Each structure stands twice: as structure tokens, then as C-alpha cells.
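As C-alpha cells, the structure follows; a few thoughts come after it.
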Amino acid sequence: MSDWLPDTPRTLAFPTSAYVTLAGADWLASAGPDPDAVQTAWAAQPAAPSVLPCGTAFDVINAPALFGRRMVDHLWSTGPGSGPVAAHRGRILLFATPGAAQRLPALLVWEEWAAAVPPLLCHGSGDAVTVPPLHPRHGAAEVAAAAAEDPSGPAASRWLVAPDVRNPWLPGPDVLLWACVRAARSMAGPERDTAAQHRVSALTPG
């Protein structure tokens with residue numbers, strides 16, 4: 001595969017990459033029932049998007065672009081980081097541990113801030129997702145610039161945090177719940193956040 005998948009560029013300032021490494025491609029391919037067939041298809045069309053099944057190697061939490069970016073920002077700024085993350089057709093795809101797609105909605109039901117969380121599409125066992133190409137096609141710099149200006153636009157199909165190891169760390173439902181709450185609070189504004197704190201204080205014994 002090394003003849004069609006270039007090395008991943010890295011910087012000390014941003015150690016993650018928009019380029020899938022050979023090890024990351026192996027991990028993605030392991031999601032399918034026939035990894036060799038997936039690798040063969042990538043070798044023939046490395047710049048084409050792929051459809052991969054969920055539930056074995058990963059689940060995917062599919063969020064609206066702005067909310068999903070807030071989740072990722074909180075995961076990296078004050079949380080444990082994230083697993084692979086992709087932008088596709090105006091949505092953010094957060095790769096999670098298998099089983100997270102079923103567990104996260106159940107946890108959100110009991111969360112005070114659930115009403116402020118936009119509808120999430122949780123892809124687990126029996127589902128499949130379309131992911132961006134392993135490596136940006138020619139002219140990807142222009143596509144990335146357009147995606148940065150309009151994260152919900154049709155050109156925004158790219159890796160934000162690309163798979164780069166064979167066994168990446170993936171967030172579980174508890175970590176994703178934490179990120180949802182932080183994103184919801186940050187988007188609701190200081191007034192609602194203060195009101196929520198007052199409600200909690202009122203219910204707390206003195």
C-alpha cells in the first residue's frame with residue numbers, strides 16, 4: 001500500500017493529521033468482513049470515499065457541524081482527546097467505542113442539558129457510514145479552505161483527526177456525554193448556564 005498512501009505529515013503544534021496512515025488504514029479496513037477486499041478497493045481508488053460498517057471496530061456519533069465541532073474542541077481542550085473525527089456533508093462523525101451508539105442516547109435521557117443537545121445520529125451494529133477518502137485528492141487545499149469557511153457545505157468531506165494507528169483510543173459513551181454537555185452549555189449562553197447553576201444550588205442541601 002505504500003505506493004499509493006503517502007507518509008503522514010506531522011507538526012509538534014498539531015500532532016493529529018488530515019491524512020490516514022498505513023496503520024490507520026489497516027484499522028479502518030478491519031471494520032469490514034473482508035479487510036483485504038477493502039484494501040484492494042482503496043488501492044484502486046484511494047481518493048474515493050468509503051462505506052464502512054459500524055459495531056465491530058467502532059461506532060460513530062454523527063452530529064450537526066457546529067455542535068460536533070464544539071464537542072471536538074472540548075474533548076481536546078479540557079478532556080481526554082478524541083478518536084478519529086471526520087467531516088462529511090455538513091456533519092461531524094466522531095468515532096467511538098463499539099456499543100456507544102446504543103448507550104449514549106440512554107445516558108442523555110437522564111441529563112439535565114439533554115434538551116439543548118441537537119438530534120444526534122448514532123450508528124452502531126447493523127449500520128454503515130460513509131467516510132472521506134484516505135488521502136485528499138488533488139486540490140484538497142482549496143477544498144479544506146472552503147470547508148473551514150463553511151463547515152456545513154458540500155465540499156466539507158475530510159478527516160479532522162485521521163486514523164493513524166492500528167488500535168486507536170476511542171471515547172466511550174460517558175466521555176461523549178461529557179462532551180455533549182460541555183458543548184450544549186457553551187452554545188446556550190451564559191444566562192442559561194447561570195440559571196442551571198441556580199437550579200442545582202436550590203436543590204442542594206445547605
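For the C-alpha cells, the naming scheme is as follows: chains receive sequential letters (A, B, ...) according to their order of presentation, residues are indexed from 1 within each chain, and ligands are indexed from 1 in presentation order.
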(Q) Among range 75-185 of chain A, which ones does DSSP assign to alpha helix (DSSP H) (computed from the backbone)? Answer as number ranges by chain. (A) A: 75-77, 100-109, 140-149, 173-185
Please write the residues from the selection above to a file, keeping N, CA and C atoms, as a compact mmCIF listing (two decimals), in the first residue's frame.
# COMPACT_ATOMS: atom_id res chain seq x y z
N LEU A 75 -13.29 18.16 23.80
CA LEU A 75 -12.55 16.92 24.02
C LEU A 75 -11.05 17.16 24.02
N TRP A 76 -10.59 18.07 23.14
CA TRP A 76 -9.16 18.32 23.03
C TRP A 76 -8.67 19.38 24.00
N SER A 77 -9.51 20.37 24.35
CA SER A 77 -9.04 21.46 25.19
C SER A 77 -9.06 21.13 26.68
N ALA A 100 -21.25 2.34 21.98
CA ALA A 100 -21.54 3.73 22.37
C ALA A 100 -22.79 4.26 21.69
N ALA A 101 -23.06 3.82 20.48
CA ALA A 101 -24.23 4.31 19.75
C ALA A 101 -25.53 3.94 20.45
N GLN A 102 -25.54 2.82 21.13
CA GLN A 102 -26.74 2.39 21.86
C GLN A 102 -26.79 3.03 23.24
N ARG A 103 -25.65 3.19 23.88
CA ARG A 103 -25.62 3.65 25.26
C ARG A 103 -25.78 5.16 25.40
N LEU A 104 -25.20 5.95 24.48
CA LEU A 104 -25.23 7.40 24.62
C LEU A 104 -26.64 7.97 24.68
N PRO A 105 -27.56 7.59 23.78
CA PRO A 105 -28.93 8.13 23.88
C PRO A 105 -29.59 7.82 25.21
N ALA A 106 -29.31 6.63 25.77
CA ALA A 106 -29.90 6.26 27.06
C ALA A 106 -29.36 7.15 28.17
N LEU A 107 -28.08 7.51 28.10
CA LEU A 107 -27.50 8.40 29.10
C LEU A 107 -28.04 9.82 28.97
N LEU A 108 -28.25 10.26 27.74
CA LEU A 108 -28.74 11.63 27.52
C LEU A 108 -30.15 11.83 28.08
N VAL A 109 -30.94 10.78 28.12
CA VAL A 109 -32.31 10.89 28.64
C VAL A 109 -32.30 11.42 30.07
N ALA A 140 -6.96 19.43 -2.76
CA ALA A 140 -7.62 19.32 -1.46
C ALA A 140 -7.40 20.55 -0.60
N ALA A 141 -6.33 21.31 -0.84
CA ALA A 141 -6.10 22.52 -0.05
C ALA A 141 -7.25 23.51 -0.24
N GLU A 142 -7.71 23.62 -1.48
CA GLU A 142 -8.83 24.52 -1.75
C GLU A 142 -10.11 23.98 -1.11
N VAL A 143 -10.28 22.65 -1.15
CA VAL A 143 -11.46 22.05 -0.53
C VAL A 143 -11.45 22.28 0.97
N ALA A 144 -10.27 22.10 1.59
CA ALA A 144 -10.16 22.30 3.03
C ALA A 144 -10.43 23.75 3.40
N ALA A 145 -9.96 24.69 2.57
CA ALA A 145 -10.20 26.10 2.85
C ALA A 145 -11.70 26.41 2.78
N ALA A 146 -12.38 25.85 1.78
CA ALA A 146 -13.82 26.06 1.67
C ALA A 146 -14.55 25.44 2.84
N ALA A 147 -14.08 24.28 3.29
CA ALA A 147 -14.72 23.62 4.43
C ALA A 147 -14.55 24.44 5.70
N ALA A 148 -13.38 25.08 5.84
CA ALA A 148 -13.15 25.89 7.03
C ALA A 148 -14.07 27.10 7.06
N GLU A 149 -14.34 27.67 5.88
CA GLU A 149 -15.22 28.83 5.80
C GLU A 149 -16.68 28.43 6.00
N PRO A 173 -19.23 6.05 25.84
CA PRO A 173 -20.44 6.87 25.98
C PRO A 173 -20.36 7.90 27.09
N ASP A 174 -19.62 7.58 28.16
CA ASP A 174 -19.51 8.54 29.26
C ASP A 174 -18.72 9.78 28.85
N VAL A 175 -17.65 9.57 28.12
CA VAL A 175 -16.84 10.70 27.62
C VAL A 175 -17.64 11.52 26.62
N LEU A 176 -18.38 10.86 25.75
CA LEU A 176 -19.18 11.57 24.76
C LEU A 176 -20.31 12.35 25.43
N LEU A 177 -20.89 11.78 26.48
CA LEU A 177 -21.92 12.51 27.23
C LEU A 177 -21.33 13.78 27.82
N TRP A 178 -20.16 13.67 28.40
CA TRP A 178 -19.46 14.83 28.96
C TRP A 178 -19.25 15.90 27.88
N ALA A 179 -18.81 15.48 26.68
CA ALA A 179 -18.58 16.43 25.60
C ALA A 179 -19.89 17.06 25.13
N CYS A 180 -20.97 16.27 25.09
CA CYS A 180 -22.27 16.83 24.70
C CYS A 180 -22.71 17.91 25.67
N VAL A 181 -22.57 17.64 26.96
CA VAL A 181 -23.00 18.61 27.97
C VAL A 181 -22.16 19.89 27.87
N ARG A 182 -20.84 19.74 27.72
CA ARG A 182 -19.99 20.93 27.61
C ARG A 182 -20.35 21.74 26.37
N ALA A 183 -20.58 21.05 25.25
CA ALA A 183 -20.93 21.76 24.02
C ALA A 183 -22.28 22.46 24.15
N ALA A 184 -23.25 21.78 24.74
CA ALA A 184 -24.58 22.37 24.92
C ALA A 184 -24.51 23.60 25.81
N ARG A 185 -23.75 23.51 26.90
CA ARG A 185 -23.64 24.64 27.81
C ARG A 185 -22.95 25.82 27.14
(Q) Quick one: residues within 9 Å of Val131 in chain A, only C-alpha atoms, excluding same-chain residues fewer than 2 positions away - as a ChimeraX atom specification? (A) /A:49-52,86-88,93,129,133-134,157-159
Deliver the residues from the most recent selection as a file, using N, CA, C and O atoms, as a PDB file, in the first residue's frame.
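Generated file (out06.pdb):
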ATOM      1  N   PRO A  49     -14.411   8.167  -1.431  1.00  0.00           N
ATOM      2  CA  PRO A  49     -14.943   7.894  -0.094  1.00  0.00           C
ATOM      3  C   PRO A  49     -15.284   6.417   0.056  1.00  0.00           C
ATOM      4  O   PRO A  49     -15.387   5.687  -0.936  1.00  0.00           O
ATOM      5  N   SER A  50     -15.445   5.973   1.281  1.00  0.00           N
ATOM      6  CA  SER A  50     -15.701   4.566   1.550  1.00  0.00           C
ATOM      7  C   SER A  50     -16.928   4.406   2.437  1.00  0.00           C
ATOM      8  O   SER A  50     -17.253   5.295   3.220  1.00  0.00           O
ATOM      9  N   VAL A  51     -17.606   3.286   2.298  1.00  0.00           N
ATOM     10  CA  VAL A  51     -18.713   2.933   3.175  1.00  0.00           C
ATOM     11  C   VAL A  51     -18.241   1.786   4.062  1.00  0.00           C
ATOM     12  O   VAL A  51     -17.854   0.727   3.569  1.00  0.00           O
ATOM     13  N   LEU A  52     -18.266   2.012   5.377  1.00  0.00           N
ATOM     14  CA  LEU A  52     -17.756   1.025   6.315  1.00  0.00           C
ATOM     15  C   LEU A  52     -18.826   0.670   7.342  1.00  0.00           C
ATOM     16  O   LEU A  52     -19.581   1.538   7.785  1.00  0.00           O
ATOM     17  N   ALA A  86     -14.232  12.874  11.503  1.00  0.00           N
ATOM     18  CA  ALA A  86     -14.349  13.262  10.098  1.00  0.00           C
ATOM     19  C   ALA A  86     -15.475  14.265   9.931  1.00  0.00           C
ATOM     20  O   ALA A  86     -16.420  14.309  10.728  1.00  0.00           O
ATOM     21  N   ALA A  87     -15.359  15.090   8.907  1.00  0.00           N
ATOM     22  CA  ALA A  87     -16.439  15.973   8.487  1.00  0.00           C
ATOM     23  C   ALA A  87     -16.977  15.427   7.171  1.00  0.00           C
ATOM     24  O   ALA A  87     -16.209  15.141   6.245  1.00  0.00           O
ATOM     25  N   HIS A  88     -18.307  15.271   7.096  1.00  0.00           N
ATOM     26  CA  HIS A  88     -18.898  14.708   5.877  1.00  0.00           C
ATOM     27  C   HIS A  88     -20.293  15.276   5.672  1.00  0.00           C
ATOM     28  O   HIS A  88     -21.171  15.115   6.537  1.00  0.00           O
ATOM     29  N   LEU A  93     -18.480  13.393  12.254  1.00  0.00           N
ATOM     30  CA  LEU A  93     -18.515  11.979  12.613  1.00  0.00           C
ATOM     31  C   LEU A  93     -17.450  11.714  13.661  1.00  0.00           C
ATOM     32  O   LEU A  93     -16.255  11.828  13.377  1.00  0.00           O
ATOM     33  N   VAL A 129     -21.482   3.743   7.643  1.00  0.00           N
ATOM     34  CA  VAL A 129     -21.260   5.172   7.441  1.00  0.00           C
ATOM     35  C   VAL A 129     -20.332   5.391   6.256  1.00  0.00           C
ATOM     36  O   VAL A 129     -19.505   4.531   5.930  1.00  0.00           O
ATOM     37  N   PRO A 133     -12.195  10.180   1.812  1.00  0.00           N
ATOM     38  CA  PRO A 133     -11.057   9.431   1.247  1.00  0.00           C
ATOM     39  C   PRO A 133      -9.918   9.316   2.252  1.00  0.00           C
ATOM     40  O   PRO A 133      -9.769  10.148   3.146  1.00  0.00           O
ATOM     41  N   LEU A 134      -9.102   8.296   2.089  1.00  0.00           N
ATOM     42  CA  LEU A 134      -7.945   8.133   2.965  1.00  0.00           C
ATOM     43  C   LEU A 134      -6.988   9.309   2.834  1.00  0.00           C
ATOM     44  O   LEU A 134      -6.394   9.757   3.813  1.00  0.00           O
ATOM     45  N   SER A 157     -15.809  17.369   3.200  1.00  0.00           N
ATOM     46  CA  SER A 157     -15.709  15.930   3.411  1.00  0.00           C
ATOM     47  C   SER A 157     -14.235  15.605   3.565  1.00  0.00           C
ATOM     48  O   SER A 157     -13.506  15.472   2.584  1.00  0.00           O
ATOM     49  N   ARG A 158     -13.798  15.530   4.812  1.00  0.00           N
ATOM     50  CA  ARG A 158     -12.375  15.354   5.063  1.00  0.00           C
ATOM     51  C   ARG A 158     -12.184  14.840   6.483  1.00  0.00           C
ATOM     52  O   ARG A 158     -13.089  14.888   7.308  1.00  0.00           O
ATOM     53  N   TRP A 159     -10.986  14.352   6.743  1.00  0.00           N
ATOM     54  CA  TRP A 159     -10.616  13.932   8.084  1.00  0.00           C
ATOM     55  C   TRP A 159     -10.173  15.141   8.892  1.00  0.00           C
ATOM     56  O   TRP A 159      -9.359  15.935   8.433  1.00  0.00           O
TER      57      TRP A 159
END
Q | Residue neighbourhood Phe67 in chain A, 9 Å, only C-alpha atoms, exclusion window fewer than 3 positions, as JSON, numbers by chain | A | {"A": [63, 64, 70, 71, 72, 92, 117, 118, 180, 183, 184, 187]}
Q | 10 Å contact set for Thr56 in chain A, only C-alpha atoms, chain neighbours under 2 positions out, as number ranges by chain | A | A: 30-33, 53-54, 58-59, 97-99, 124-126
Would you list the contacts of Trp169 in chain A as a short mmCIF file (atom, residue, chain, number, x, y, z; two decimals) with C-alpha atoms, in the first residue's frame, taking every protein, DNA or RNA residue within 7 Å and counting only C-alpha atoms, but skipping same-chain residues closer than 2 positions in sequence?
data_model
loop_
_atom_site.label_atom_id
_atom_site.label_comp_id
_atom_site.auth_asym_id
_atom_site.auth_seq_id
_atom_site.Cartn_x
_atom_site.Cartn_y
_atom_site.Cartn_z
CA GLY A 83 -10.57 9.20 18.47
CA ASN A 167 -5.58 0.38 17.74
CA PRO A 171 -14.16 7.64 23.54
#
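In this comparison, which uses only C-alpha atoms, the residue of A:Gly55, A:Gly81, A:Gly90, A:Pro163 approaching Cys122 in chain A most closely is A:Gly55.
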Q. What does the distance between CA of Arg89 in chain A and CA of Ala65 in chain A come to in Å, to one decimal place?
A.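 About the pair CA of Arg89 in chain A and CA of Ala65 in chain A: they are 8.9 Å apart.
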Q) So what do you get for CA of Val161 in chain A versus CA of Asp73 in chain A, distance-wise? A)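 Calculated distance between CA of Val161 in chain A and CA of Asp73 in chain A is 11.7 Å.
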